[in-house]
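Below is the file query.txt, which contains compact mmCIF, C-alpha atoms.
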# COMPACT_ATOMS: atom_id res chain seq x y z
CA MET A 1 12.21 -47.42 -8.19
CA ASN A 2 12.82 -51.16 -8.27
CA ILE A 3 16.48 -50.48 -8.88
CA ALA A 4 16.71 -48.34 -5.75
CA PHE A 5 15.20 -51.09 -3.59
CA SER A 6 17.52 -53.70 -5.04
CA MET A 7 20.48 -51.39 -4.36
CA LEU A 8 19.29 -50.93 -0.79
CA SER A 9 19.11 -54.65 -0.25
CA GLU A 10 22.53 -55.13 -1.85
CA SER A 11 24.02 -52.36 0.27
CA GLY A 12 22.81 -54.05 3.45
CA SER A 13 24.53 -57.30 2.50
CA ALA A 14 27.66 -55.41 1.39
CA ILE A 15 27.89 -53.68 4.76
CA ASP A 16 27.55 -56.97 6.61
CA ARG A 17 30.19 -58.60 4.41
CA LEU A 18 32.63 -55.69 4.84
CA GLN A 19 32.15 -55.58 8.61
CA GLY A 20 32.82 -59.29 8.78
CA LEU A 21 36.26 -58.90 7.22
CA GLY A 22 37.72 -57.21 10.28
CA SER A 23 40.71 -55.03 9.51
CA ALA A 24 40.96 -52.29 6.89
CA LYS A 25 43.73 -54.23 5.07
CA ASP A 26 41.39 -57.19 4.62
CA GLN A 27 38.61 -54.90 3.43
CA LEU A 28 40.84 -53.19 0.84
CA SER A 29 42.16 -56.51 -0.42
CA ASP A 30 38.61 -57.80 -0.98
CA PRO A 31 37.96 -57.89 -4.76
CA ASP A 32 34.39 -56.56 -4.35
CA TYR A 33 35.38 -53.73 -1.97
CA TRP A 34 35.14 -50.88 -4.49
CA GLY A 35 31.93 -52.27 -5.91
CA SER A 36 30.45 -52.31 -2.40
CA VAL A 37 31.64 -48.77 -1.77
CA GLY A 38 30.08 -47.68 -5.06
CA ILE A 39 26.77 -49.30 -4.16
CA LEU A 40 26.77 -47.60 -0.76
CA THR A 41 27.63 -44.23 -2.31
CA ILE A 42 24.97 -44.44 -4.99
CA THR A 43 22.40 -45.59 -2.44
CA GLY A 44 23.21 -42.64 -0.18
CA ILE A 45 22.99 -40.15 -3.04
CA LEU A 46 19.66 -41.63 -4.21
CA VAL A 47 18.21 -41.40 -0.70
CA VAL A 48 19.30 -37.77 -0.33
CA PHE A 49 17.85 -36.72 -3.69
CA LEU A 50 14.64 -38.69 -3.10
CA ILE A 51 14.10 -36.88 0.21
CA LEU A 52 14.97 -33.57 -1.48
CA ALA A 53 12.35 -34.24 -4.19
CA ILE A 54 9.77 -35.06 -1.51
CA LEU A 55 10.55 -31.80 0.32
CA ILE A 56 10.35 -29.76 -2.88
CA PHE A 57 6.95 -31.31 -3.67
CA PHE A 58 5.74 -30.68 -0.12
CA PHE A 59 6.71 -26.99 -0.20
CA TRP A 60 5.22 -26.55 -3.69
CA LEU A 61 1.96 -28.11 -2.48
CA MET A 62 1.86 -25.89 0.62
CA GLY A 63 2.50 -22.81 -1.55
CA THR A 64 -0.38 -23.59 -3.87
CA ILE A 65 -2.71 -24.28 -0.93
CA PHE A 66 -1.84 -20.98 0.77
CA LYS A 67 -2.15 -19.04 -2.50
CA ALA A 68 -5.63 -20.49 -2.98
CA ILE A 69 -6.59 -19.55 0.58
CA ASP A 70 -5.29 -15.99 0.11
CA LYS A 71 -7.10 -15.69 -3.21
CA SER A 72 -10.39 -16.79 -1.65
CA LYS A 73 -9.95 -14.28 1.19
CA VAL A 74 -9.36 -11.46 -1.31
CA GLU A 75 -12.41 -12.52 -3.33
CA LYS A 76 -14.58 -12.62 -0.19
CA LYS A 77 -13.32 -9.20 0.86
CA SER A 78 -13.93 -7.66 -2.56
CA ALA A 79 -17.40 -9.26 -2.69
CA SER A 80 -18.29 -7.84 0.71
CA ILE A 81 -17.00 -4.41 -0.32
CA GLU A 82 -19.08 -4.55 -3.53
CA ALA A 83 -22.16 -5.61 -1.54
CA GLU A 84 -21.60 -2.75 0.89
CA LYS A 85 -21.22 -0.27 -1.98
CA ALA A 86 -24.44 -1.55 -3.56
CA LYS A 87 -26.22 -1.29 -0.21
CA LEU A 88 -25.01 2.29 0.27
CA ALA A 89 -25.97 3.21 -3.29
CA ALA A 90 -29.50 1.84 -2.77
CA GLU A 91 -30.11 3.89 0.38
CA PRO A 92 -31.37 7.45 -0.11
CA VAL A 93 -28.94 10.11 0.94
CA GLU A 94 -30.29 12.63 3.42
CA GLN A 95 -28.86 16.09 3.54
CA ALA A 96 -27.81 16.84 7.06
CA ALA A 97 -28.01 20.33 8.40
CA PRO A 98 -24.58 21.83 8.99
CA VAL A 99 -23.57 21.50 12.60
CA GLU A 100 -22.06 24.58 14.11
CA GLU A 101 -19.35 23.88 16.56
CA GLU A 102 -19.67 25.88 19.69
CA GLU A 103 -16.34 27.06 20.88
CA ASP A 104 -15.97 27.18 24.60
CA VAL A 105 -14.96 30.77 25.12
CA ASP A 106 -13.99 30.19 28.75
CA ASP A 107 -11.44 27.53 27.81
CA ASP A 108 -9.96 29.69 25.05
CA GLU A 109 -9.60 32.65 27.40
CA GLU A 110 -8.03 30.41 30.00
CA ILE A 111 -5.50 29.05 27.49
CA VAL A 112 -4.64 32.57 26.32
CA ALA A 113 -4.15 33.66 29.94
CA VAL A 114 -1.83 30.71 30.69
CA ILE A 115 0.24 31.32 27.55
CA SER A 116 0.45 35.04 28.29
CA ALA A 117 1.55 34.37 31.87
CA ALA A 118 4.25 31.95 30.69
CA ILE A 119 5.59 34.45 28.16
CA ALA A 120 5.48 37.26 30.74
CA ALA A 121 7.45 35.16 33.22
CA TYR A 122 10.01 34.31 30.55
CA ALA A 123 10.27 37.95 29.45
CA GLU A 124 10.67 39.13 33.03
CA ALA A 125 13.50 36.66 33.63
CA GLU A 126 15.24 37.79 30.44
CA GLY A 127 14.57 41.46 30.93
CA THR A 128 12.93 41.99 27.52
CA ALA A 129 9.36 42.73 26.44
CA TYR A 130 7.20 40.61 24.14
CA THR A 131 3.87 41.27 22.44
CA ILE A 132 1.44 38.44 21.68
CA LYS A 133 -0.09 38.99 18.24
CA SER A 134 -1.97 35.70 17.81
CA ILE A 135 -2.33 32.27 19.36
CA SER A 136 -3.22 29.26 17.20
CA LYS A 137 -2.95 25.49 17.46
CA HIS A 138 -0.10 23.82 15.67
CA LYS A 139 -1.32 21.40 12.99
CA ASN A 140 0.81 18.57 14.46
CA ALA A 141 0.12 19.39 18.09
CA HIS A 142 -0.19 15.77 19.14
CA ALA A 143 2.33 14.17 16.82
CA ARG A 144 4.46 12.84 19.69
CA SER A 145 3.66 11.80 23.21
CA ALA A 146 5.11 13.50 26.26
CA TRP A 147 7.34 10.47 26.90
CA SER A 148 8.65 10.62 23.36
CA MET A 149 9.44 14.32 23.66
CA ALA A 150 11.17 13.75 27.02
CA GLY A 151 13.34 11.06 25.45
CA LEU A 152 14.23 13.31 22.54
CA SER A 153 15.14 16.22 24.76
CA ASP A 154 17.24 13.93 26.96
CA ASN A 155 19.11 12.56 23.94
CA MET A 156 19.57 15.95 22.33
CA ARG A 157 20.75 17.74 25.50
CA GLN A 158 24.41 17.22 24.59
CA PHE A 159 24.01 19.16 21.33
Take the structure in the file and write it out as structure tokens.
Amino acid sequence: MNIAFSMLSESGSAIDRLQGLGSAKDQLSDPDYWGSVGILTITGILVVFLILAILIFFFWLMGTIFKAIDKSKVEKKSASIEAEKAKLAAEPVEQAAPVEEEEDVDDDEEIVAVISAAIAAYAEAEGTAYTIKSISKHKNAHARSAWSMAGLSDNMRQF
């Protein structure tokens, strides 16, 4: 490290001496010109690599800090999950009576009537007859929103 500081002090005096010479011809004819250029070059390279080493150390340190923080979060989460499992295991389990879902017959009849009317209107416009055998909900009935379906139909209209 002492060498780097001595080179820095020498490079400062070399720069002053070279600037005092004036023209480039005088600088090139100076017997210590190439030595001064070498000192300046080595000083620049040392400064760049020293800063690079500092940056590498800084990023390594930040990585280890964040890994430790993440590890502690995971440990806290797993500890809370284990505590919750133990708490649930300690509580007695009560058997709940099965709940019967009451189907609203009026709504079902209304839906069947609307679907039947829509099919009848379609059949009348086409001039054919249809028979409704069953009506059931589709398992992915609400997979897409109305806006999403409108966008799809708009984009697919050309096909």
Q) To one decimal place, how far is CA of Met62 (chain A) from CA of Ile45 (chain A) in Å? A)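 CA of Ile45 (chain A) lies at a distance of 25.8 Å from CA of Met62 (chain A).
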Q) When distances are computed from all atoms listed in the file, which of A:Ile132, A:Leu152, A:Gly63, A:Lys137 shows the smallest separation from Ala120 (chain A)? A)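 Closest to Ala120 (chain A), using all atoms listed in the file: A:Ile132.
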Q: Rounded to one decimal place, report the CA of Tyr130 (chain A)-CA of Ser116 (chain A) distance in Å.
A: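 Taking CA of Tyr130 (chain A) as the start and CA of Ser116 (chain A) as the end point, the length is 9.7 Å.
You will find CA of Phe49 (chain A) at 21.1 Å from CA of Gly35 (chain A).
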Which centre and which edge lengths, in Å to one decimal, describe the axis-aligned box that holds all listed atoms of region 148-158 of chain A after 6 Å is added on each side, as JSON?
{"center_x": 16.5, "center_y": 14.2, "center_z": 24.7, "size_x": 27.8, "size_y": 19.1, "size_z": 16.7}
N, CA and C atoms modelled onto region 24-54 of chain A, as a PDB file, in the coordinates of the input:
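What landed in selection-v8.pdb:
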ATOM      1  N   ALA A  24      41.058 -53.103   8.098  1.00  0.00           N
ATOM      2  CA  ALA A  24      40.960 -52.290   6.890  1.00  0.00           C
ATOM      3  C   ALA A  24      41.769 -52.915   5.760  1.00  0.00           C
ATOM      4  N   LYS A  25      42.888 -53.593   6.106  1.00  0.00           N
ATOM      5  CA  LYS A  25      43.730 -54.230   5.070  1.00  0.00           C
ATOM      6  C   LYS A  25      42.950 -55.353   4.392  1.00  0.00           C
ATOM      7  N   ASP A  26      42.202 -56.108   5.194  1.00  0.00           N
ATOM      8  CA  ASP A  26      41.390 -57.190   4.620  1.00  0.00           C
ATOM      9  C   ASP A  26      40.272 -56.629   3.752  1.00  0.00           C
ATOM     10  N   GLN A  27      39.694 -55.503   4.200  1.00  0.00           N
ATOM     11  CA  GLN A  27      38.610 -54.900   3.430  1.00  0.00           C
ATOM     12  C   GLN A  27      39.110 -54.377   2.094  1.00  0.00           C
ATOM     13  N   LEU A  28      40.292 -53.730   2.087  1.00  0.00           N
ATOM     14  CA  LEU A  28      40.840 -53.190   0.840  1.00  0.00           C
ATOM     15  C   LEU A  28      41.299 -54.299  -0.102  1.00  0.00           C
ATOM     16  N   SER A  29      41.699 -55.420   0.435  1.00  0.00           N
ATOM     17  CA  SER A  29      42.160 -56.510  -0.420  1.00  0.00           C
ATOM     18  C   SER A  29      40.997 -57.327  -0.969  1.00  0.00           C
ATOM     19  N   ASP A  30      39.789 -57.097  -0.480  1.00  0.00           N
ATOM     20  CA  ASP A  30      38.610 -57.800  -0.980  1.00  0.00           C
ATOM     21  C   ASP A  30      38.349 -57.348  -2.422  1.00  0.00           C
ATOM     22  N   PRO A  31      38.162 -58.280  -3.359  1.00  0.00           N
ATOM     23  CA  PRO A  31      37.960 -57.890  -4.760  1.00  0.00           C
ATOM     24  C   PRO A  31      36.663 -57.106  -4.991  1.00  0.00           C
ATOM     25  N   ASP A  32      35.665 -57.281  -4.171  1.00  0.00           N
ATOM     26  CA  ASP A  32      34.390 -56.560  -4.350  1.00  0.00           C
ATOM     27  C   ASP A  32      34.307 -55.299  -3.486  1.00  0.00           C
ATOM     28  N   TYR A  33      35.414 -54.866  -2.881  1.00  0.00           N
ATOM     29  CA  TYR A  33      35.380 -53.730  -1.970  1.00  0.00           C
ATOM     30  C   TYR A  33      34.888 -52.471  -2.679  1.00  0.00           C
ATOM     31  N   TRP A  34      35.498 -52.120  -3.813  1.00  0.00           N
ATOM     32  CA  TRP A  34      35.140 -50.880  -4.490  1.00  0.00           C
ATOM     33  C   TRP A  34      33.736 -50.952  -5.081  1.00  0.00           C
ATOM     34  N   GLY A  35      33.307 -52.116  -5.449  1.00  0.00           N
ATOM     35  CA  GLY A  35      31.930 -52.270  -5.910  1.00  0.00           C
ATOM     36  C   GLY A  35      30.954 -52.017  -4.765  1.00  0.00           C
ATOM     37  N   SER A  36      31.310 -52.522  -3.576  1.00  0.00           N
ATOM     38  CA  SER A  36      30.450 -52.310  -2.400  1.00  0.00           C
ATOM     39  C   SER A  36      30.424 -50.831  -2.011  1.00  0.00           C
ATOM     40  N   VAL A  37      31.576 -50.194  -2.093  1.00  0.00           N
ATOM     41  CA  VAL A  37      31.640 -48.770  -1.770  1.00  0.00           C
ATOM     42  C   VAL A  37      30.807 -47.978  -2.777  1.00  0.00           C
ATOM     43  N   GLY A  38      30.874 -48.350  -4.029  1.00  0.00           N
ATOM     44  CA  GLY A  38      30.080 -47.680  -5.060  1.00  0.00           C
ATOM     45  C   GLY A  38      28.593 -47.846  -4.825  1.00  0.00           C
ATOM     46  N   ILE A  39      28.192 -49.060  -4.443  1.00  0.00           N
ATOM     47  CA  ILE A  39      26.770 -49.300  -4.160  1.00  0.00           C
ATOM     48  C   ILE A  39      26.315 -48.458  -2.976  1.00  0.00           C
ATOM     49  N   LEU A  40      27.126 -48.407  -1.928  1.00  0.00           N
ATOM     50  CA  LEU A  40      26.770 -47.600  -0.760  1.00  0.00           C
ATOM     51  C   LEU A  40      26.690 -46.116  -1.101  1.00  0.00           C
ATOM     52  N   THR A  41      27.621 -45.639  -1.926  1.00  0.00           N
ATOM     53  CA  THR A  41      27.630 -44.230  -2.310  1.00  0.00           C
ATOM     54  C   THR A  41      26.411 -43.882  -3.146  1.00  0.00           C
ATOM     55  N   ILE A  42      26.123 -44.705  -4.129  1.00  0.00           N
ATOM     56  CA  ILE A  42      24.970 -44.440  -4.990  1.00  0.00           C
ATOM     57  C   ILE A  42      23.674 -44.522  -4.191  1.00  0.00           C
ATOM     58  N   THR A  43      23.593 -45.486  -3.282  1.00  0.00           N
ATOM     59  CA  THR A  43      22.400 -45.590  -2.440  1.00  0.00           C
ATOM     60  C   THR A  43      22.224 -44.349  -1.583  1.00  0.00           C
ATOM     61  N   GLY A  44      23.284 -43.847  -0.994  1.00  0.00           N
ATOM     62  CA  GLY A  44      23.210 -42.640  -0.180  1.00  0.00           C
ATOM     63  C   GLY A  44      22.766 -41.433  -0.982  1.00  0.00           C
ATOM     64  N   ILE A  45      23.348 -41.285  -2.185  1.00  0.00           N
ATOM     65  CA  ILE A  45      22.990 -40.150  -3.040  1.00  0.00           C
ATOM     66  C   ILE A  45      21.526 -40.236  -3.461  1.00  0.00           C
ATOM     67  N   LEU A  46      21.062 -41.457  -3.819  1.00  0.00           N
ATOM     68  CA  LEU A  46      19.660 -41.630  -4.210  1.00  0.00           C
ATOM     69  C   LEU A  46      18.712 -41.291  -3.061  1.00  0.00           C
ATOM     70  N   VAL A  47      19.055 -41.694  -1.863  1.00  0.00           N
ATOM     71  CA  VAL A  47      18.210 -41.400  -0.700  1.00  0.00           C
ATOM     72  C   VAL A  47      18.144 -39.895  -0.465  1.00  0.00           C
ATOM     73  N   VAL A  48      19.271 -39.217  -0.547  1.00  0.00           N
ATOM     74  CA  VAL A  48      19.300 -37.770  -0.330  1.00  0.00           C
ATOM     75  C   VAL A  48      18.449 -37.048  -1.365  1.00  0.00           C
ATOM     76  N   PHE A  49      18.610 -37.413  -2.647  1.00  0.00           N
ATOM     77  CA  PHE A  49      17.850 -36.720  -3.690  1.00  0.00           C
ATOM     78  C   PHE A  49      16.368 -37.089  -3.655  1.00  0.00           C
ATOM     79  N   LEU A  50      16.038 -38.306  -3.249  1.00  0.00           N
ATOM     80  CA  LEU A  50      14.640 -38.690  -3.100  1.00  0.00           C
ATOM     81  C   LEU A  50      13.973 -37.859  -2.004  1.00  0.00           C
ATOM     82  N   ILE A  51      14.645 -37.695  -0.879  1.00  0.00           N
ATOM     83  CA  ILE A  51      14.100 -36.880   0.210  1.00  0.00           C
ATOM     84  C   ILE A  51      14.014 -35.416  -0.224  1.00  0.00           C
ATOM     85  N   LEU A  52      15.003 -34.938  -0.968  1.00  0.00           N
ATOM     86  CA  LEU A  52      14.970 -33.570  -1.480  1.00  0.00           C
ATOM     87  C   LEU A  52      13.777 -33.370  -2.408  1.00  0.00           C
ATOM     88  N   ALA A  53      13.499 -34.343  -3.282  1.00  0.00           N
ATOM     89  CA  ALA A  53      12.350 -34.240  -4.190  1.00  0.00           C
ATOM     90  C   ALA A  53      11.048 -34.235  -3.400  1.00  0.00           C
ATOM     91  N   ILE A  54      10.968 -35.034  -2.355  1.00  0.00           N
ATOM     92  CA  ILE A  54       9.770 -35.060  -1.510  1.00  0.00           C
ATOM     93  C   ILE A  54       9.575 -33.705  -0.835  1.00  0.00           C
TER      94      ILE A  54
END
